[in-house]
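target.tsv (TSV, C-alpha atoms) appears below.
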chain	number	residue	atom	x	y	z
A	1157	MET	CA	-199.71	94.83	-6.08
A	1158	GLN	CA	-197.81	91.58	-6.19
A	1159	ASN	CA	-194.77	93.27	-4.71
A	1160	GLU	CA	-196.55	94.56	-1.63
A	1161	GLN	CA	-197.64	91.00	-0.89
A	1162	VAL	CA	-193.96	90.10	-0.61
A	1163	ILE	CA	-193.75	92.75	2.10
A	1164	GLN	CA	-196.90	91.60	3.88
A	1165	GLU	CA	-196.04	87.92	3.81
A	1166	SER	CA	-192.47	88.52	4.93
A	1167	ALA	CA	-193.54	90.84	7.71
A	1168	GLY	CA	-195.84	88.14	9.07
A	1169	THR	CA	-193.12	85.52	9.41
A	1170	THR	CA	-190.14	85.13	11.71
A	1171	ASP	CA	-187.71	86.43	9.10
A	1172	THR	CA	-185.66	89.42	10.13
A	1173	ALA	CA	-186.44	92.93	8.92
A	1174	GLY	CA	-183.16	92.88	7.05
A	1175	ALA	CA	-184.24	89.85	5.02
A	1176	THR	CA	-187.55	91.52	4.20
A	1177	ASP	CA	-185.78	94.67	3.10
A	1178	ARG	CA	-183.37	92.73	0.89
A	1179	ALA	CA	-186.26	90.85	-0.76
A	1180	ALA	CA	-188.09	94.08	-1.52
A	1181	ARG	CA	-184.96	95.77	-2.87
A	1182	ARG	CA	-184.28	92.77	-5.08
A	1183	ALA	CA	-187.80	92.89	-6.54
A	1184	VAL	CA	-187.73	96.60	-7.26
A	1185	THR	CA	-184.20	96.40	-8.73
A	1186	VAL	CA	-184.59	93.37	-10.96
A	1187	PHE	CA	-187.91	94.39	-12.47
A	1188	PRO	CA	-186.77	97.54	-14.33
A	1189	VAL	CA	-183.64	95.73	-15.51
A	1190	LEU	CA	-185.78	92.90	-16.85
A	1191	VAL	CA	-188.09	95.34	-18.61
A	1192	LEU	CA	-185.13	97.27	-20.04
A	1193	VAL	CA	-183.65	94.06	-21.46
A	1194	ALA	CA	-187.02	93.10	-22.94
A	1195	GLY	CA	-187.30	96.50	-24.60
A	1196	ALA	CA	-183.81	96.14	-26.07
A	1197	ILE	CA	-184.71	92.72	-27.47
A	1198	GLY	CA	-187.88	94.10	-29.03
A	1199	LEU	CA	-185.93	96.95	-30.58
A	1200	ALA	CA	-183.13	94.74	-31.88
A	1201	SER	CA	-185.37	91.98	-33.21
A	1202	PRO	CA	-188.82	93.41	-33.98
A	1203	ASP	CA	-189.69	90.61	-36.42
A	1204	THR	CA	-189.58	88.13	-33.54
A	1205	PHE	CA	-192.69	89.72	-32.07
A	1206	ALA	CA	-194.56	90.37	-35.31
A	1207	GLY	CA	-198.22	89.53	-34.82
A	1208	TRP	CA	-197.92	89.29	-31.05
A	1209	SER	CA	-199.93	92.47	-30.40
A	1210	VAL	CA	-203.18	90.48	-30.21
A	1211	SER	CA	-201.77	88.63	-27.18
A	1212	VAL	CA	-201.10	91.79	-25.13
A	1213	PRO	CA	-204.57	91.92	-23.46
A	1214	TYR	CA	-204.24	88.26	-22.46
A	1215	LEU	CA	-200.77	88.86	-21.05
A	1216	LEU	CA	-202.11	91.78	-19.03
A	1217	GLY	CA	-204.90	89.49	-17.78
A	1218	VAL	CA	-202.23	87.17	-16.38
A	1219	VAL	CA	-200.68	90.08	-14.45
A	1220	MET	CA	-204.05	91.15	-13.08
A	1221	PHE	CA	-204.94	87.56	-12.11
A	1222	CYS	CA	-201.70	87.34	-10.14
A	1223	MET	CA	-202.61	90.63	-8.49
A	1224	GLY	CA	-205.96	89.19	-7.42
A	1225	LEU	CA	-204.24	86.11	-5.99
A	1226	THR	CA	-202.08	88.27	-3.74
A	1227	MET	CA	-204.89	90.45	-2.38
A	1228	THR	CA	-206.45	89.82	1.03
A	1229	LYS	CA	-209.23	91.35	3.09
A	1230	VAL	CA	-206.61	93.55	4.76
A	1231	ASP	CA	-206.26	95.45	1.48
A	1232	PHE	CA	-209.92	96.44	1.65
A	1233	GLN	CA	-210.05	97.02	5.41
A	1234	GLY	CA	-207.63	99.89	4.97
A	1235	VAL	CA	-210.19	101.69	2.82
A	1236	ALA	CA	-212.81	101.48	5.55
A	1237	LYS	CA	-210.40	102.72	8.21
A	1238	ARG	CA	-209.33	105.88	6.35
A	1239	PRO	CA	-211.83	106.58	3.57
A	1240	TRP	CA	-210.98	110.28	3.39
A	1241	ALA	CA	-207.25	109.62	2.87
A	1242	VAL	CA	-207.95	106.97	0.23
A	1243	GLY	CA	-210.42	109.32	-1.45
A	1244	LEU	CA	-207.81	112.05	-1.49
A	1245	GLY	CA	-205.32	109.66	-3.07
A	1246	LEU	CA	-207.81	108.68	-5.77
A	1247	VAL	CA	-208.69	112.29	-6.60
A	1248	ALA	CA	-205.02	113.29	-6.68
A	1249	HIS	CA	-204.14	110.32	-8.89
A	1250	TYR	CA	-206.94	110.75	-11.40
A	1251	VAL	CA	-206.61	114.54	-11.56
A	1252	ILE	CA	-202.86	115.16	-11.46
A	1253	MET	CA	-201.59	112.49	-13.86
A	1254	PRO	CA	-204.23	112.89	-16.60
A	1255	GLY	CA	-203.86	116.66	-16.40
A	1256	LEU	CA	-200.08	116.45	-16.59
A	1257	GLY	CA	-200.33	114.07	-19.55
A	1258	TRP	CA	-202.47	116.53	-21.49
A	1259	LEU	CA	-200.30	119.51	-20.54
A	1260	ILE	CA	-197.01	117.81	-21.46
A	1261	ALA	CA	-198.39	116.56	-24.79
A	1262	HIS	CA	-199.58	120.10	-25.59
A	1263	VAL	CA	-196.39	121.89	-24.52
A	1264	LEU	CA	-194.07	119.47	-26.33
A	1265	GLY	CA	-196.24	119.50	-29.46
A	1266	LEU	CA	-196.37	115.70	-29.67
A	1267	SER	CA	-197.90	113.98	-32.68
A	1268	PRO	CA	-201.52	112.82	-32.21
A	1269	GLN	CA	-200.48	109.18	-31.68
A	1270	LEU	CA	-197.83	110.00	-29.07
A	1271	ALA	CA	-200.02	112.62	-27.40
A	1272	ALA	CA	-202.85	110.11	-27.00
A	1273	GLY	CA	-200.36	107.58	-25.62
A	1274	VAL	CA	-198.98	109.97	-23.01
A	1275	ILE	CA	-202.49	110.99	-21.94
A	1276	LEU	CA	-203.59	107.35	-21.72
A	1277	VAL	CA	-200.66	106.60	-19.40
A	1278	GLY	CA	-201.85	109.43	-17.18
A	1279	CYS	CA	-205.40	108.07	-17.11
A	1280	ALA	CA	-204.32	104.56	-16.03
A	1281	PRO	CA	-204.65	103.37	-12.41
A	1282	SER	CA	-201.75	103.15	-9.95
A	1283	GLY	CA	-198.70	101.08	-10.82
A	1284	THR	CA	-198.25	97.57	-9.46
A	1285	ALA	CA	-194.83	98.40	-7.98
A	1286	SER	CA	-195.94	101.52	-6.09
A	1287	ASN	CA	-196.50	99.62	-2.84
A	1288	VAL	CA	-193.06	98.08	-2.55
A	1289	VAL	CA	-191.44	101.40	-3.45
A	1290	THR	CA	-193.51	103.07	-0.71
A	1291	TYR	CA	-192.20	100.45	1.70
A	1292	LEU	CA	-188.61	101.13	0.69
A	1293	ALA	CA	-189.19	104.86	1.20
A	1294	ARG	CA	-190.51	104.24	4.73
A	1295	GLY	CA	-193.91	105.46	3.64
A	1296	ASP	CA	-197.44	104.52	4.68
A	1297	VAL	CA	-197.76	101.11	2.99
A	1298	ALA	CA	-201.34	100.56	4.19
A	1299	LEU	CA	-202.46	103.78	2.51
A	1300	SER	CA	-200.52	102.92	-0.62
A	1301	VAL	CA	-202.13	99.48	-0.90
A	1302	SER	CA	-205.62	100.93	-0.37
A	1303	VAL	CA	-205.25	103.62	-3.02
A	1304	ALA	CA	-203.72	101.20	-5.55
A	1305	THR	CA	-206.48	98.65	-4.95
A	1306	VAL	CA	-209.38	101.08	-5.32
A	1307	SER	CA	-207.84	102.89	-8.30
A	1308	THR	CA	-207.57	99.54	-10.10
A	1309	VAL	CA	-211.15	98.54	-9.27
A	1310	LEU	CA	-212.46	101.92	-10.46
A	1311	ALA	CA	-210.38	101.96	-13.66
A	1312	PRO	CA	-213.19	100.68	-15.92
A	1313	LEU	CA	-215.36	103.63	-14.84
A	1314	VAL	CA	-212.70	106.34	-14.74
A	1315	THR	CA	-210.02	105.66	-17.37
A	1316	PRO	CA	-212.23	105.59	-20.52
A	1317	PRO	CA	-214.12	108.89	-19.95
A	1318	LEU	CA	-210.93	110.66	-18.89
A	1319	THR	CA	-209.15	109.43	-22.02
A	1320	LEU	CA	-212.08	110.56	-24.16
A	1321	LEU	CA	-212.11	113.98	-22.52
A	1322	LEU	CA	-208.39	114.66	-22.81
A	1323	ALA	CA	-207.26	112.61	-25.82
A	1324	GLY	CA	-210.38	112.90	-27.94
A	1325	ALA	CA	-209.02	116.03	-29.61
A	1326	TYR	CA	-206.02	114.05	-30.88
A	1327	LEU	CA	-207.58	110.73	-31.92
A	1328	PRO	CA	-211.05	109.13	-31.94
A	1329	VAL	CA	-211.71	107.39	-28.61
A	1330	ASP	CA	-214.35	104.69	-28.21
A	1331	ALA	CA	-214.90	104.97	-24.45
A	1332	GLY	CA	-217.48	102.18	-24.38
A	1333	SER	CA	-215.21	99.69	-26.09
A	1334	MET	CA	-212.32	100.75	-23.86
A	1335	MET	CA	-214.44	100.21	-20.76
A	1336	THR	CA	-215.31	96.71	-21.95
A	1337	ASP	CA	-211.63	95.93	-22.55
A	1338	ILE	CA	-210.65	97.13	-19.07
A	1339	LEU	CA	-213.39	95.00	-17.53
A	1340	LYS	CA	-212.14	91.94	-19.42
A	1341	THR	CA	-208.41	92.47	-18.95
A	1342	VAL	CA	-208.32	94.04	-15.48
A	1343	LEU	CA	-211.40	93.69	-13.31
A	1344	LEU	CA	-212.50	90.16	-14.25
A	1345	PRO	CA	-208.99	88.64	-13.85
A	1346	VAL	CA	-208.59	90.42	-10.49
A	1347	LEU	CA	-211.95	89.07	-9.31
A	1348	ALA	CA	-210.99	85.60	-10.55
A	1349	GLY	CA	-207.74	85.79	-8.60
A	1350	LEU	CA	-209.60	86.90	-5.47
A	1351	THR	CA	-212.02	83.99	-5.84
A	1352	VAL	CA	-209.22	81.47	-6.21
A	1353	ARG	CA	-207.47	82.95	-3.16
A	1354	PHE	CA	-210.68	82.67	-1.15
A	1355	LEU	CA	-211.40	79.09	-2.19
A	1356	ALA	CA	-207.86	77.70	-2.20
A	1357	GLY	CA	-205.87	80.05	-0.01
A	1358	ARG	CA	-203.63	77.32	1.42
A	1359	TYR	CA	-202.43	76.30	-2.01
A	1360	VAL	CA	-202.01	79.88	-3.20
A	1361	ASP	CA	-199.84	80.69	-0.17
A	1362	ARG	CA	-197.33	78.09	-1.35
A	1363	VAL	CA	-196.69	79.93	-4.63
A	1364	LEU	CA	-196.95	83.55	-3.47
A	1365	GLY	CA	-193.20	84.03	-3.77
A	1366	ALA	CA	-193.30	83.15	-7.47
A	1367	LEU	CA	-196.16	85.48	-8.40
A	1368	PRO	CA	-194.18	88.76	-8.47
A	1369	TRP	CA	-191.66	87.20	-10.83
A	1370	LEU	CA	-194.35	85.74	-13.07
A	1371	SER	CA	-195.90	89.19	-13.29
A	1372	ALA	CA	-192.53	90.82	-13.96
A	1373	VAL	CA	-191.74	88.44	-16.81
A	1374	THR	CA	-195.21	88.93	-18.30
A	1375	VAL	CA	-194.91	92.73	-18.20
A	1376	ALA	CA	-191.47	92.39	-19.81
A	1377	VAL	CA	-192.99	90.41	-22.67
A	1378	ILE	CA	-195.65	93.11	-23.12
A	1379	VAL	CA	-192.91	95.73	-23.35
A	1380	ALA	CA	-190.96	93.65	-25.90
A	1381	VAL	CA	-194.08	93.29	-28.06
A	1382	VAL	CA	-194.92	97.00	-27.86
A	1383	VAL	CA	-191.35	98.12	-28.59
A	1384	GLY	CA	-191.03	95.61	-31.40
A	1385	GLY	CA	-194.23	96.91	-32.97
A	1386	SER	CA	-192.94	100.48	-33.08
A	1387	ALA	CA	-189.21	99.85	-33.51
A	1388	THR	CA	-188.94	102.04	-36.60
A	1389	ALA	CA	-190.69	104.99	-34.97
A	1390	ILE	CA	-188.57	104.74	-31.82
A	1391	LYS	CA	-185.46	105.82	-33.70
A	1392	SER	CA	-187.01	109.16	-34.56
A	1393	ALA	CA	-189.26	109.74	-31.55
A	1394	ALA	CA	-187.50	108.09	-28.60
A	1395	ALA	CA	-185.80	111.24	-27.29
A	1396	MET	CA	-189.02	113.27	-27.27
A	1397	VAL	CA	-191.03	110.44	-25.70
A	1398	LEU	CA	-188.38	109.92	-23.01
A	1399	LEU	CA	-188.52	113.64	-22.19
A	1400	ALA	CA	-192.31	113.46	-21.92
A	1401	VAL	CA	-192.14	110.38	-19.69
A	1402	VAL	CA	-189.49	111.84	-17.37
A	1403	LEU	CA	-191.50	115.07	-16.97
A	1404	HIS	CA	-194.76	113.18	-16.46
A	1405	ASN	CA	-193.37	110.84	-13.83
A	1406	GLY	CA	-191.21	113.42	-12.06
A	1407	LEU	CA	-193.94	116.05	-11.76
A	1408	GLY	CA	-196.39	113.35	-10.67
A	1409	LEU	CA	-194.11	112.27	-7.83
A	1410	LEU	CA	-193.56	115.88	-6.77
A	1411	LEU	CA	-197.21	116.96	-6.92
A	1412	GLY	CA	-198.36	113.73	-5.26
A	1413	TYR	CA	-196.03	114.39	-2.33
A	1414	GLY	CA	-197.23	117.99	-2.20
A	1415	ALA	CA	-200.87	116.88	-2.12
A	1416	GLY	CA	-200.14	114.65	0.86
A	1417	LYS	CA	-198.34	117.44	2.71
A	1418	ALA	CA	-201.14	119.93	1.97
A	1419	ALA	CA	-203.70	117.46	3.34
A	1420	GLY	CA	-201.70	116.97	6.54
A	1421	LEU	CA	-200.96	113.28	5.98
A	1422	GLY	CA	-197.47	113.59	7.47
A	1423	LYS	CA	-194.26	112.39	5.89
A	1424	PRO	CA	-195.11	108.66	5.63
A	1425	GLY	CA	-198.50	109.43	4.09
A	1426	SER	CA	-197.01	112.00	1.74
A	1427	ARG	CA	-194.42	109.50	0.52
A	1428	ALA	CA	-197.20	107.02	-0.21
A	1429	MET	CA	-199.12	109.69	-2.11
A	1430	ALA	CA	-196.05	110.54	-4.18
A	1431	PHE	CA	-195.74	106.99	-5.53
A	1432	GLU	CA	-199.48	106.37	-5.88
A	1433	VAL	CA	-199.77	109.47	-8.04
A	1434	GLY	CA	-196.50	109.26	-9.97
A	1435	MET	CA	-196.40	105.52	-10.76
A	1436	GLN	CA	-198.88	104.17	-13.32
A	1437	ASN	CA	-200.13	100.79	-14.52
A	1438	SER	CA	-198.24	101.22	-17.78
A	1439	GLY	CA	-198.96	97.61	-18.78
A	1440	LEU	CA	-202.66	98.49	-18.98
A	1441	ALA	CA	-201.87	101.70	-20.86
A	1442	ALA	CA	-199.75	99.78	-23.39
A	1443	SER	CA	-202.50	97.19	-23.88
A	1444	LEU	CA	-205.20	99.81	-24.42
A	1445	ALA	CA	-203.03	101.94	-26.70
A	1446	THR	CA	-202.19	98.93	-28.86
A	1447	ALA	CA	-205.83	97.85	-29.09
A	1448	HIS	CA	-207.47	101.27	-29.56
A	1449	PHE	CA	-204.81	103.46	-31.16
A	1450	SER	CA	-201.58	102.03	-32.61
A	1451	PRO	CA	-198.23	100.50	-31.58
A	1452	LEU	CA	-196.72	103.99	-31.76
A	1453	ALA	CA	-199.26	105.27	-29.23
A	1454	ALA	CA	-198.17	102.45	-26.89
A	1455	LEU	CA	-194.55	103.65	-26.96
A	1456	PRO	CA	-194.94	106.13	-24.03
A	1457	ALA	CA	-196.35	103.33	-21.88
A	1458	ALA	CA	-193.45	101.02	-22.76
A	1459	ILE	CA	-190.87	103.66	-21.83
A	1460	PHE	CA	-192.84	104.66	-18.73
A	1461	SER	CA	-192.82	101.05	-17.49
A	1462	VAL	CA	-189.04	101.14	-17.37
A	1463	TRP	CA	-188.48	104.69	-16.20
A	1464	HIS	CA	-191.00	104.89	-13.34
A	1465	ASN	CA	-189.49	101.83	-11.66
A	1466	VAL	CA	-185.97	103.25	-11.94
A	1467	SER	CA	-186.99	106.71	-10.71
A	1468	GLY	CA	-189.20	105.22	-8.00
A	1469	ALA	CA	-186.35	103.13	-6.62
A	1470	LEU	CA	-184.01	106.13	-6.62
A	1471	VAL	CA	-186.52	108.47	-4.95
A	1472	ALA	CA	-187.38	105.78	-2.39
A	1473	ALA	CA	-183.71	105.34	-1.52
A	1474	TRP	CA	-183.32	109.10	-1.06
A	1475	MET	CA	-186.46	109.33	1.10
A	1476	SER	CA	-185.33	106.38	3.21
A	1477	TYR	CA	-181.93	107.99	3.72
A	1478	ARG	CA	-183.53	111.29	4.78
A	1479	SER	CA	-185.85	109.44	7.16
A	1480	ARG	CA	-183.02	107.52	8.83
A	1481	LYS	CA	-180.94	110.68	9.09
A	1482	ALA	CA	-183.80	112.55	10.77
A	1483	GLU	CA	-184.38	109.69	13.21
A	1484	THR	CA	-180.69	109.62	14.10
A	1485	ALA	CA	-180.63	113.37	14.68
A	1486	ALA	CA	-183.73	113.19	16.90
A	1487	ALA	CA	-182.50	110.23	18.97
A	1488	PRO	CA	-181.55	111.11	22.57
A	1489	VAL	CA	-177.88	110.99	23.44
A	1490	PRO	CA	-177.08	108.20	25.97
A	1491	ASP	CA	-175.93	109.46	29.38
A	1492	ALA	CA	-172.61	107.65	28.97
A	1493	LEU	CA	-171.82	109.85	25.96
A	1494	ARG	CA	-172.76	113.15	27.57
A	1495	THR	CA	-169.94	115.46	28.51
A	1496	GLY	CA	-169.59	117.53	31.67
Take the structure in this file and express it as structure tokens.
Amino acid sequence: MQNEQVIQESAGTTDTAGATDRAARRAVTVFPVLVLVAGAIGLASPDTFAGWSVSVPYLLGVVMFCMGLTMTKVDFQGVAKRPWAVGLGLVAHYVIMPGLGWLIAHVLGLSPQLAAGVILVGCAPSGTASNVVTYLARGDVALSVSVATVSTVLAPLVTPPLTLLLAGAYLPVDAGSMMTDILKTVLLPVLAGLTVRFLAGRYVDRVLGALPWLSAVTVAVIVAVVVGGSATAIKSAAAMVLLAVVLHNGLGLLLGYGAGKAAGLGKPGSRAMAFEVGMQNSGLAASLATAHFSPLAALPAAIFSVWHNVSGALVAAWMSYRSRKAETAAAPVPDALRTG
């Protein structure tokens, strides 16, 4: 959510479209690299982060507070303008990804800890980078922002029961305690950020450019803590977890796009749906897995946080290329270039 604010703020200034595009590409490129480096540090020096797991919910609260600071009334107006499209995005997100998580865990025969972790990733709300990736793909950014906003607000009510339903066969799930944790680490910080933005908007505007990077660094620290806590298990389970994550994310992007096409949202809307379904708030999933299951269960979320940004950037680049190519092919030929 912080990243789409970069788009919105840039679009509202006199900067050129090229400068806006470069800023967005820089954000979506640096973030996965930063997270990858953090994961490598956690793997190489796990003792450095020993005992840090208790700080993960607070770190996630920082990310969510920054998200609240970047939100404006425009984010909510989009919901009122196209409630059916936003509703479709929410249903697709909270049906496709949880279902895929359960199916992949079952087919791959994952251990109970890893299976619960993969399912929990699927039950999380939309990822914070989905909006900027939608922008890069020439998708419907307004729809993307609306779906991401509402999916985050509804997470306390949706994520716990879904996790209980699908992961309860693998590990005990305390849905009530999970709901309380999501309220404390997601909804309350977001509301606090919104309040600060409302009361001190002029001052917040001065630091908007720094918020995406603060969030990126915080998520990177979360990944380092999670990876450090399960460094030993990674050596034996990393390949299987990576396979699960790639399948989960890839099928989510594909089915999300298909849902948009089937609903007649057009290409821009379908691109937005692809990223809103396929990209998850893996920071929340890692926090919940650490608190309610184990560091090993948080491993899928840590890997997902790296992979979905890399895959999202690549898919967005391909979609943007296809869009520009189609526009070029459809452009009328100037009279001066016509032949006899």
Atom pair atom CA of Ser1300 of chain A / atom CA of Val1466 of chain A: separation (Å) = 18.4 Å
Place a sphere of radius 9 Å on (-202.5, 105.2, -4.3) in the file coordinates and name every protein, DNA or RNA residue with an atom inside or on its surface, counting all atoms listed in the file; give the answer as a ChimeraX atom specification.
-> /A:1242,1245-1246,1248-1249,1281-1283,1286-1287,1299-1307,1428-1433,1435
What gap, in Å, lies between atom CA of Asn1405 of chain A and atom CA of Gly1434 of chain A?
->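 Separation between atom CA of Asn1405 of chain A and atom CA of Gly1434 of chain A: 5.2 Å.
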Need the shell around Val1383 of chain A: protein/DNA/RNA residues with any atom at most 8 Å away, counting only C-alpha atoms. Skip same-chain ones fewer than 4 positions apart. Format as a short mmCIF file (atom, residue, chain, number, x, y, z; two decimals) with C-alpha atoms, keeping the file's coordinate frame?
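The new file part_6.cif reads:
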data_model
loop_
_atom_site.label_atom_id
_atom_site.label_comp_id
_atom_site.auth_asym_id
_atom_site.auth_seq_id
_atom_site.Cartn_x
_atom_site.Cartn_y
_atom_site.Cartn_z
CA GLY A 1195 -187.30 96.50 -24.60
CA GLY A 1198 -187.88 94.10 -29.03
CA LEU A 1199 -185.93 96.95 -30.58
CA PRO A 1202 -188.82 93.41 -33.98
CA VAL A 1379 -192.91 95.73 -23.35
CA ALA A 1387 -189.21 99.85 -33.51
CA ILE A 1390 -188.57 104.74 -31.82
CA PRO A 1451 -198.23 100.50 -31.58
CA LEU A 1455 -194.55 103.65 -26.96
CA ALA A 1458 -193.45 101.02 -22.76
#
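When the distance limit is 10 Å and only C-alpha atoms are what count, the residues near Val1377 of chain A, minus those fewer than 3 positions from it on the same chain, are Leu1190, Val1191, Ala1194, Gly1195, Ile1197, Gly1198, Phe1205, Trp1208, Val1212, Leu1215, Leu1216, Ser1371, Ala1372, Val1373, Thr1374, Ala1380, Val1381, Val1382 and Val1383 of chain A.
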Tell me, as a compact mmCIF listing (two decimals) with C-alpha atoms, in the frame of the given file, which residues lie within 10 Å of segment 1261-1278 of chain A, counting all atoms listed in the file; anything in the same chain fewer than 3 positions away does not count.
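Full text of result.txt as output:
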# COMPACT_ATOMS: atom_id res chain seq x y z
CA HIS A 1249 -204.14 110.32 -8.89
CA TYR A 1250 -206.94 110.75 -11.40
CA VAL A 1251 -206.61 114.54 -11.56
CA ILE A 1252 -202.86 115.16 -11.46
CA MET A 1253 -201.59 112.49 -13.86
CA PRO A 1254 -204.23 112.89 -16.60
CA GLY A 1255 -203.86 116.66 -16.40
CA LEU A 1256 -200.08 116.45 -16.59
CA GLY A 1257 -200.33 114.07 -19.55
CA TRP A 1258 -202.47 116.53 -21.49
CA PRO A 1281 -204.65 103.37 -12.41
CA SER A 1282 -201.75 103.15 -9.95
CA THR A 1315 -210.02 105.66 -17.37
CA PRO A 1316 -212.23 105.59 -20.52
CA LEU A 1318 -210.93 110.66 -18.89
CA THR A 1319 -209.15 109.43 -22.02
CA LEU A 1320 -212.08 110.56 -24.16
CA LEU A 1322 -208.39 114.66 -22.81
CA ALA A 1323 -207.26 112.61 -25.82
CA GLY A 1324 -210.38 112.90 -27.94
CA ALA A 1325 -209.02 116.03 -29.61
CA TYR A 1326 -206.02 114.05 -30.88
CA LEU A 1327 -207.58 110.73 -31.92
CA PRO A 1328 -211.05 109.13 -31.94
CA VAL A 1329 -211.71 107.39 -28.61
CA ALA A 1393 -189.26 109.74 -31.55
CA MET A 1396 -189.02 113.27 -27.27
CA VAL A 1397 -191.03 110.44 -25.70
CA LEU A 1399 -188.52 113.64 -22.19
CA ALA A 1400 -192.31 113.46 -21.92
CA VAL A 1401 -192.14 110.38 -19.69
CA HIS A 1404 -194.76 113.18 -16.46
CA ASN A 1405 -193.37 110.84 -13.83
CA GLY A 1408 -196.39 113.35 -10.67
CA VAL A 1433 -199.77 109.47 -8.04
CA GLY A 1434 -196.50 109.26 -9.97
CA MET A 1435 -196.40 105.52 -10.76
CA GLN A 1436 -198.88 104.17 -13.32
CA ASN A 1437 -200.13 100.79 -14.52
CA SER A 1438 -198.24 101.22 -17.78
CA GLY A 1439 -198.96 97.61 -18.78
CA LEU A 1440 -202.66 98.49 -18.98
CA ALA A 1441 -201.87 101.70 -20.86
CA ALA A 1442 -199.75 99.78 -23.39
CA LEU A 1444 -205.20 99.81 -24.42
CA ALA A 1445 -203.03 101.94 -26.70
CA THR A 1446 -202.19 98.93 -28.86
CA PHE A 1449 -204.81 103.46 -31.16
CA SER A 1450 -201.58 102.03 -32.61
CA PRO A 1451 -198.23 100.50 -31.58
CA LEU A 1452 -196.72 103.99 -31.76
CA ALA A 1453 -199.26 105.27 -29.23
CA ALA A 1454 -198.17 102.45 -26.89
CA LEU A 1455 -194.55 103.65 -26.96
CA PRO A 1456 -194.94 106.13 -24.03
CA ALA A 1457 -196.35 103.33 -21.88
CA ALA A 1458 -193.45 101.02 -22.76
CA PHE A 1460 -192.84 104.66 -18.73
CA SER A 1461 -192.82 101.05 -17.49
Coordinates-based distance that separates atom CA of Ser1467 of chain A from atom CA of Lys1417 of chain A (Å, one decimal) |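 According to the coordinates, atom CA of Lys1417 of chain A and atom CA of Ser1467 of chain A are separated by 20.6 Å.
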Write out as a list in words which residues come within 7 Å of Pro1213 of chain A when counting all atoms listed in the file, dropping same-chain ones fewer than 3 positions away.
->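 Residues meeting the cut-off are Leu1216, Gly1217, Thr1341 and Ser1443 of chain A.
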Do you know which residues are at most 6 Å from segment 1345-1358 of chain A counting all atoms listed in the file, after dropping those on the same chain fewer than 6 positions away, and could you put them as a ChimeraX atom specification?
-> /A:1217,1220-1221,1224-1225
Which is closer to Leu1339 of chain A than all the others in A:Ala1366, A:Val1189, A:Leu1310, A:Val1288, using all atoms listed in the file?
->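 Looking at the shortest contact to Leu1339 of chain A, the residue is A:Leu1310.
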